[in-house]
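Novice: My questions all concern the structure below.
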Amino acid sequence: MVKIGNITRDGPPRRYGLAGAEIDAPPAPRGLYLVATPIGNLRDITLRALEVLAAADVIACEDSRVTRKLTEHYGIATPLTPYHEHNAAAARPKILARLAQGETVALVSDAGTPLISDPGYKLVRAACEAGHAVIALPGASAVLTALAGAGLPTDRFFFEGFLPPKQAGRRNRIAELAGIPATLVLFESGPRLPATLADLAAGLGPRAAAICRELTKLHEEIRRDDLASLARHYESGAETRGEIVIVVAPPAGDGAAADDVDALLRNALTRVSVKDAVGEVALATGRPRREVYQRALTLANSRDGGDGEA
């Protein structure tokens, strides 16, 4: 029996491996743990997540083949049980029964934070209603990773997930999204990306956007441009394989504050010329190009000690 603090657990210590060493995982208080897992790079896992995955009585996962790659990589022997959209109705009572028996259950998705575009919220709701502890662990998220790297306003954003697969439904939904005064974050599959970008360009106009593909993986790519240009790029045969997040700037009528413009310009000026930075930020914020250009000149001169040239 293992005892740490007021928590006891039968059996030998449960362990995980890290940097060639075996580490004992402290017992986790009983309850349902929502554990974020890497979206690509297996090193994007927190120490707390490893401890909980190792200490849990069972890991509920979307696809055991995917999760097993993670657990085997870190030497975690916790058994896996499937929980996904196709078996959720049948699997949920079994998981709740385990919680009622005092077990510790870790819920993971194939990648990223559970409950984002998967059925986990119903399990969380049922666990809360039954009086079980629900503990969410922060960690990897494709939504936040893409938003942070897109170079677009981050003060307000709206996560849409996947748009409808058929064009009529997709265009109707885009029309509903057009007036939302926030940066939009969407998921999309590679085969549908060109058509989706064409519909976004038609429905939202010349907004700045970023295509974030294969984030944290070997072939990671972030391409920034206006929607129409991005649609042409991917329609011409550019690589679309892998996991894709689309980030779209807010409507032009909701121009960013001066501090936001300056922050975006500083970021852009580290990558491109003043002219290109002005075009990028004007599209992203809806501010007049002349106004953005004057701010860019001021920032560029300040950066160069007052002697910079446009």
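So you can find residues: chains in the structure tokens are A, B, ... in the order shown, residues in each start at 1, and ligands are numbered from 1 in order.
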Enumerate the residues of segment 38-108 of chain A with a DSSP assignment of helix (DSSP H, G or I), computed from the backbone, and present them as an MDAnalysis selection string.

Specialist: chainID A and resid 47:55 64:73 88:100

Novice: Using only C-alpha atoms, find each residue in segment 94-148 of chain A having at least one atom no more than 8 Å away from segment 20-32 of chain A; report its shortest atom-to-atom pair and that distance in Å (one decimal), rows by chain then rising number, as a Markdown table.

Specialist:
| residue | atom | partner | partner_atom | distance |
| --- | --- | --- | --- | --- |
| A:Leu99 | CA | A:Gly31 | CA | 6.3 |
| A:Gly102 | CA | A:Arg30 | CA | 5.9 |
| A:Glu103 | CA | A:Arg30 | CA | 5.6 |
| A:Thr104 | CA | A:Arg30 | CA | 4.5 |
| A:Val105 | CA | A:Leu32 | CA | 5.0 |
| A:Ala106 | CA | A:Leu32 | CA | 5.9 |
| A:Leu107 | CA | A:Leu32 | CA | 7.1 |
| A:Val124 | CA | A:Leu32 | CA | 7.8 |
| A:Ala127 | CA | A:Leu32 | CA | 7.5 |
| A:His132 | CA | A:Gly31 | CA | 5.8 |
| A:Ala133 | CA | A:Gly31 | CA | 4.7 |
| A:Val134 | CA | A:Leu32 | CA | 4.8 |
| A:Ile135 | CA | A:Leu32 | CA | 6.2 |

Novice: Counting only C-alpha atoms, what is within 9 Å of Asp110 of chain A, bar same-chain residues fewer than 3 positions away, as JSON, numbers by chain?

Specialist: {"A": [37, 38, 39, 61, 62, 63, 64, 66, 67, 113, 114]}

Novice: Would you output that residue set with N, CA, C and O atoms, as a short mmCIF file (atom, residue, chain, number, x, y, z; two decimals), in the first residue's frame?

Specialist:
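Written out: again33.cif:
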data_model
loop_
_atom_site.label_atom_id
_atom_site.label_comp_id
_atom_site.auth_asym_id
_atom_site.auth_seq_id
_atom_site.Cartn_x
_atom_site.Cartn_y
_atom_site.Cartn_z
N THR A 37 -3.35 16.71 -23.82
CA THR A 37 -2.22 15.94 -24.36
C THR A 37 -1.63 16.67 -25.57
O THR A 37 -2.28 17.56 -26.14
N PRO A 38 -0.42 16.32 -25.99
CA PRO A 38 0.22 17.04 -27.10
C PRO A 38 -0.61 17.02 -28.38
O PRO A 38 -1.31 16.04 -28.67
N ILE A 39 -0.52 18.10 -29.16
CA ILE A 39 -1.20 18.15 -30.45
C ILE A 39 -0.30 17.65 -31.57
O ILE A 39 -0.71 17.59 -32.72
N CYS A 61 -10.20 7.38 -23.51
CA CYS A 61 -9.57 8.03 -24.66
C CYS A 61 -10.42 7.82 -25.91
O CYS A 61 -11.21 6.88 -26.00
N GLU A 62 -10.20 8.69 -26.90
CA GLU A 62 -10.91 8.56 -28.17
C GLU A 62 -10.46 7.32 -28.93
O GLU A 62 -11.26 6.51 -29.37
N ASP A 63 -9.16 7.21 -29.13
CA ASP A 63 -8.60 6.11 -29.92
C ASP A 63 -7.42 5.54 -29.14
O ASP A 63 -6.40 6.22 -28.96
N SER A 64 -7.54 4.30 -28.69
CA SER A 64 -6.49 3.72 -27.85
C SER A 64 -5.17 3.63 -28.58
O SER A 64 -4.10 3.71 -27.98
N VAL A 66 -3.91 5.83 -30.62
CA VAL A 66 -3.27 7.14 -30.54
C VAL A 66 -2.74 7.38 -29.13
O VAL A 66 -1.57 7.77 -28.93
N THR A 67 -3.57 7.15 -28.13
CA THR A 67 -3.17 7.41 -26.75
C THR A 67 -2.06 6.46 -26.31
O THR A 67 -1.18 6.84 -25.52
N THR A 113 -6.76 19.62 -25.80
CA THR A 113 -7.55 19.68 -24.57
C THR A 113 -8.89 18.97 -24.75
O THR A 113 -9.60 19.24 -25.71
N PRO A 114 -9.25 18.06 -23.84
CA PRO A 114 -10.54 17.37 -23.96
C PRO A 114 -11.71 18.35 -23.97
O PRO A 114 -11.61 19.46 -23.44
#

Novice: Kindly indicate which residue among A:Gly75, A:Gly161, A:Gly112, A:Pro251 lies nearest to Ala208 of chain A, using only C-alpha atoms for the distances.

Specialist: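 Smallest distance to Ala208 of chain A is found for A:Pro251.
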
Novice: Would you mind listing what lies within 12 Å of Ser273 of chain A as a compact mmCIF listing (two decimals) with all heavy atoms, in the first residue's frame, with only C-alpha atoms counted and same-chain residues fewer than 6 positions away left out?

Specialist:
# COMPACT_ATOMS: atom_id res chain seq x y z
N LEU A 265 1.92 45.75 -35.39
CA LEU A 265 2.98 46.30 -36.24
C LEU A 265 4.36 45.87 -35.76
O LEU A 265 5.22 45.51 -36.58
CB LEU A 265 2.89 47.83 -36.27
CG LEU A 265 1.86 48.43 -37.24
CD1 LEU A 265 1.72 49.92 -36.98
CD2 LEU A 265 2.27 48.16 -38.69
N ARG A 266 4.57 45.90 -34.46
CA ARG A 266 5.88 45.48 -33.95
C ARG A 266 6.17 44.03 -34.33
O ARG A 266 7.28 43.69 -34.71
CB ARG A 266 5.92 45.64 -32.42
CG ARG A 266 5.97 47.08 -31.95
CD ARG A 266 6.28 47.16 -30.46
NE ARG A 266 6.24 48.54 -29.99
CZ ARG A 266 5.18 49.11 -29.44
NH1 ARG A 266 4.06 48.40 -29.27
NH2 ARG A 266 5.21 50.37 -29.04
N ASN A 267 5.14 43.20 -34.23
CA ASN A 267 5.31 41.80 -34.62
C ASN A 267 5.60 41.68 -36.11
O ASN A 267 6.53 40.96 -36.53
CB ASN A 267 4.04 41.01 -34.27
CG ASN A 267 4.14 39.55 -34.69
OD1 ASN A 267 3.90 39.23 -35.85
ND2 ASN A 267 4.46 38.67 -33.77
N GLY A 279 0.29 46.72 -44.89
CA GLY A 279 -0.79 46.00 -45.56
C GLY A 279 -1.38 44.90 -44.69
O GLY A 279 -2.60 44.74 -44.61
N GLU A 280 -0.51 44.17 -44.01
CA GLU A 280 -0.95 43.07 -43.15
C GLU A 280 -1.80 43.58 -41.99
O GLU A 280 -2.87 43.04 -41.70
CB GLU A 280 0.27 42.32 -42.63
CG GLU A 280 -0.03 41.15 -41.73
CD GLU A 280 1.25 40.45 -41.27
OE1 GLU A 280 2.10 40.14 -42.13
OE2 GLU A 280 1.39 40.23 -40.05
N TYR A 293 0.20 53.36 -41.70
CA TYR A 293 1.51 53.70 -42.25
C TYR A 293 2.23 54.70 -41.35
O TYR A 293 3.44 54.57 -41.08
CB TYR A 293 1.35 54.26 -43.66
CG TYR A 293 2.65 54.63 -44.33
CD1 TYR A 293 3.55 53.64 -44.71
CD2 TYR A 293 2.98 55.95 -44.56
CE1 TYR A 293 4.75 53.98 -45.33
CE2 TYR A 293 4.17 56.30 -45.18
CZ TYR A 293 5.06 55.30 -45.56
OH TYR A 293 6.24 55.63 -46.16
N ALA A 296 3.48 52.90 -38.39
CA ALA A 296 4.61 52.04 -38.76
C ALA A 296 5.89 52.85 -38.89
O ALA A 296 6.97 52.41 -38.45
CB ALA A 296 4.31 51.30 -40.07
N LEU A 297 5.79 54.03 -39.49
CA LEU A 297 6.98 54.88 -39.62
C LEU A 297 7.50 55.28 -38.25
O LEU A 297 8.72 55.27 -38.00
CB LEU A 297 6.64 56.14 -40.43
CG LEU A 297 6.43 55.97 -41.94
CD1 LEU A 297 6.14 57.32 -42.57
CD2 LEU A 297 7.67 55.34 -42.58
N ALA A 300 9.09 52.20 -36.70
CA ALA A 300 10.34 51.84 -37.37
C ALA A 300 11.46 52.81 -37.02
O ALA A 300 12.60 52.41 -36.79
CB ALA A 300 10.12 51.81 -38.89
N GLU A 309 14.54 54.39 -42.13
CA GLU A 309 13.88 54.81 -43.34
C GLU A 309 12.78 53.85 -43.67
O GLU A 309 12.84 52.67 -43.36
CB GLU A 309 14.89 54.85 -44.50
CG GLU A 309 16.02 55.85 -44.29
CD GLU A 309 16.98 55.88 -45.46
OE1 GLU A 309 16.77 55.08 -46.38
OE2 GLU A 309 17.92 56.67 -45.44
N ALA A 310 11.73 54.36 -44.32
CA ALA A 310 10.62 53.51 -44.73
C ALA A 310 11.00 52.76 -45.98
O ALA A 310 10.37 51.82 -46.32
CB ALA A 310 9.38 54.35 -44.99

Novice: Please measure the separation of atom CA of Tyr74 of chain A and atom CA of Leu50 of chain A, giving the value in Å to one decimal.

Specialist: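 Atom CA of Tyr74 of chain A sits 7.8 Å away from atom CA of Leu50 of chain A.
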
Novice: For Ala277 of chain A, which residue out of A:Gln294, A:Thr145, A:Thr78, A:Thr216 is the nearest one, using only C-alpha atoms?

Specialist: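 Under the stated criterion, the closest residue is A:Gln294.
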
Novice: Might you pull out every residue within 12 Å of Val108 of chain A, with only C-alpha atoms counted and same-chain residues fewer than 5 positions away left off, and present them as a VMD selection string?

Specialist: chain A and resid 32 to 39 49 to 50 52 to 53 56 58 to 64 66 to 68 70 to 71 80 to 84 113 to 116 118 to 121 123 136 to 140

Novice: To one decimal place, how far is atom CA of Lys275 of chain A from atom CA of Arg295 of chain A in Å?

Specialist: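 So the two atoms, atom CA of Lys275 of chain A and atom CA of Arg295 of chain A, lie 11.8 Å apart.
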
Novice: For atom CA of Pro181 of chain A and atom CA of Arg287 of chain A, determine how far apart the two atoms are, in Å to one decimal place.

Specialist: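 Between atom CA of Pro181 of chain A and atom CA of Arg287 of chain A the gap works out to 14.5 Å.
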
Novice: Any idea what's packed within 9 Å of Phe162 of chain A, counting only C-alpha atoms, ignoring anything in its chain fewer than 3 positions away? Could you give it as an mmCIF file with N, CA and C atoms, in the first residue's frame?

Specialist:
data_model
loop_
_atom_site.group_PDB
_atom_site.id
_atom_site.type_symbol
_atom_site.label_atom_id
_atom_site.label_comp_id
_atom_site.auth_asym_id
_atom_site.auth_seq_id
_atom_site.Cartn_x
_atom_site.Cartn_y
_atom_site.Cartn_z
ATOM 1 N N SER A 117 -14.270 20.075 -29.469
ATOM 2 C CA SER A 117 -14.661 19.283 -30.643
ATOM 3 C C SER A 117 -14.682 17.782 -30.343
ATOM 4 N N PRO A 165 -19.907 20.592 -43.905
ATOM 5 C CA PRO A 165 -19.140 20.081 -45.045
ATOM 6 C C PRO A 165 -19.720 20.435 -46.409
ATOM 7 N N LEU A 186 -11.229 28.381 -36.679
ATOM 8 C CA LEU A 186 -11.955 27.253 -37.232
ATOM 9 C C LEU A 186 -11.024 26.072 -37.458
ATOM 10 N N PHE A 187 -11.585 24.883 -37.440
ATOM 11 C CA PHE A 187 -10.872 23.683 -37.847
ATOM 12 C C PHE A 187 -11.301 23.326 -39.268
ATOM 13 N N GLU A 188 -10.417 22.677 -40.028
ATOM 14 C CA GLU A 188 -10.792 22.199 -41.354
ATOM 15 C C GLU A 188 -9.906 21.038 -41.768
ATOM 16 N N SER A 189 -10.431 20.202 -42.630
ATOM 17 C CA SER A 189 -9.650 19.087 -43.174
ATOM 18 C C SER A 189 -8.940 19.548 -44.442
#

Novice: Between A:Ala182, A:Asp199, A:Gly149, A:Thr298, which has the minimum distance to Gly169 of chain A (counting only C-alpha atoms)?

Specialist: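 Ranked by minimum distance to Gly169 of chain A, first place goes to A:Asp199.
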
Novice: Could you pull out all residues of segment 183-234 of chain A with a DSSP call of strand (DSSP E or B) and give them as a ChimeraX atom specification?

Specialist: /A:183-188,208-213,221-226

Novice: List the neighbours of segment 150-158 of chain A out to 7 Å using only C-alpha atoms; skip same-chain residues closer than 5 positions along the sequence, and give me the result as an NGL selection string.

Specialist: :A and (182-185 or 210 or 247 or 249 or 264 or 284)

Novice: Using only C-alpha atoms, can you tell me which of A:Glu51, A:Ile180, A:Lys122, A:Ala100 comes closest to Glu85 of chain A?

Specialist: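 Nearest candidate to Glu85 of chain A out of A:Glu51, A:Ile180, A:Lys122, A:Ala100: A:Lys122.
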
Novice: Looking at A:Leu200, A:Ala168, A:Ala97, A:Ile174, which one is nearest to Leu227 of chain A, with distances taken over only C-alpha atoms?

Specialist: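 Under the stated criterion, the closest residue is A:Leu200.
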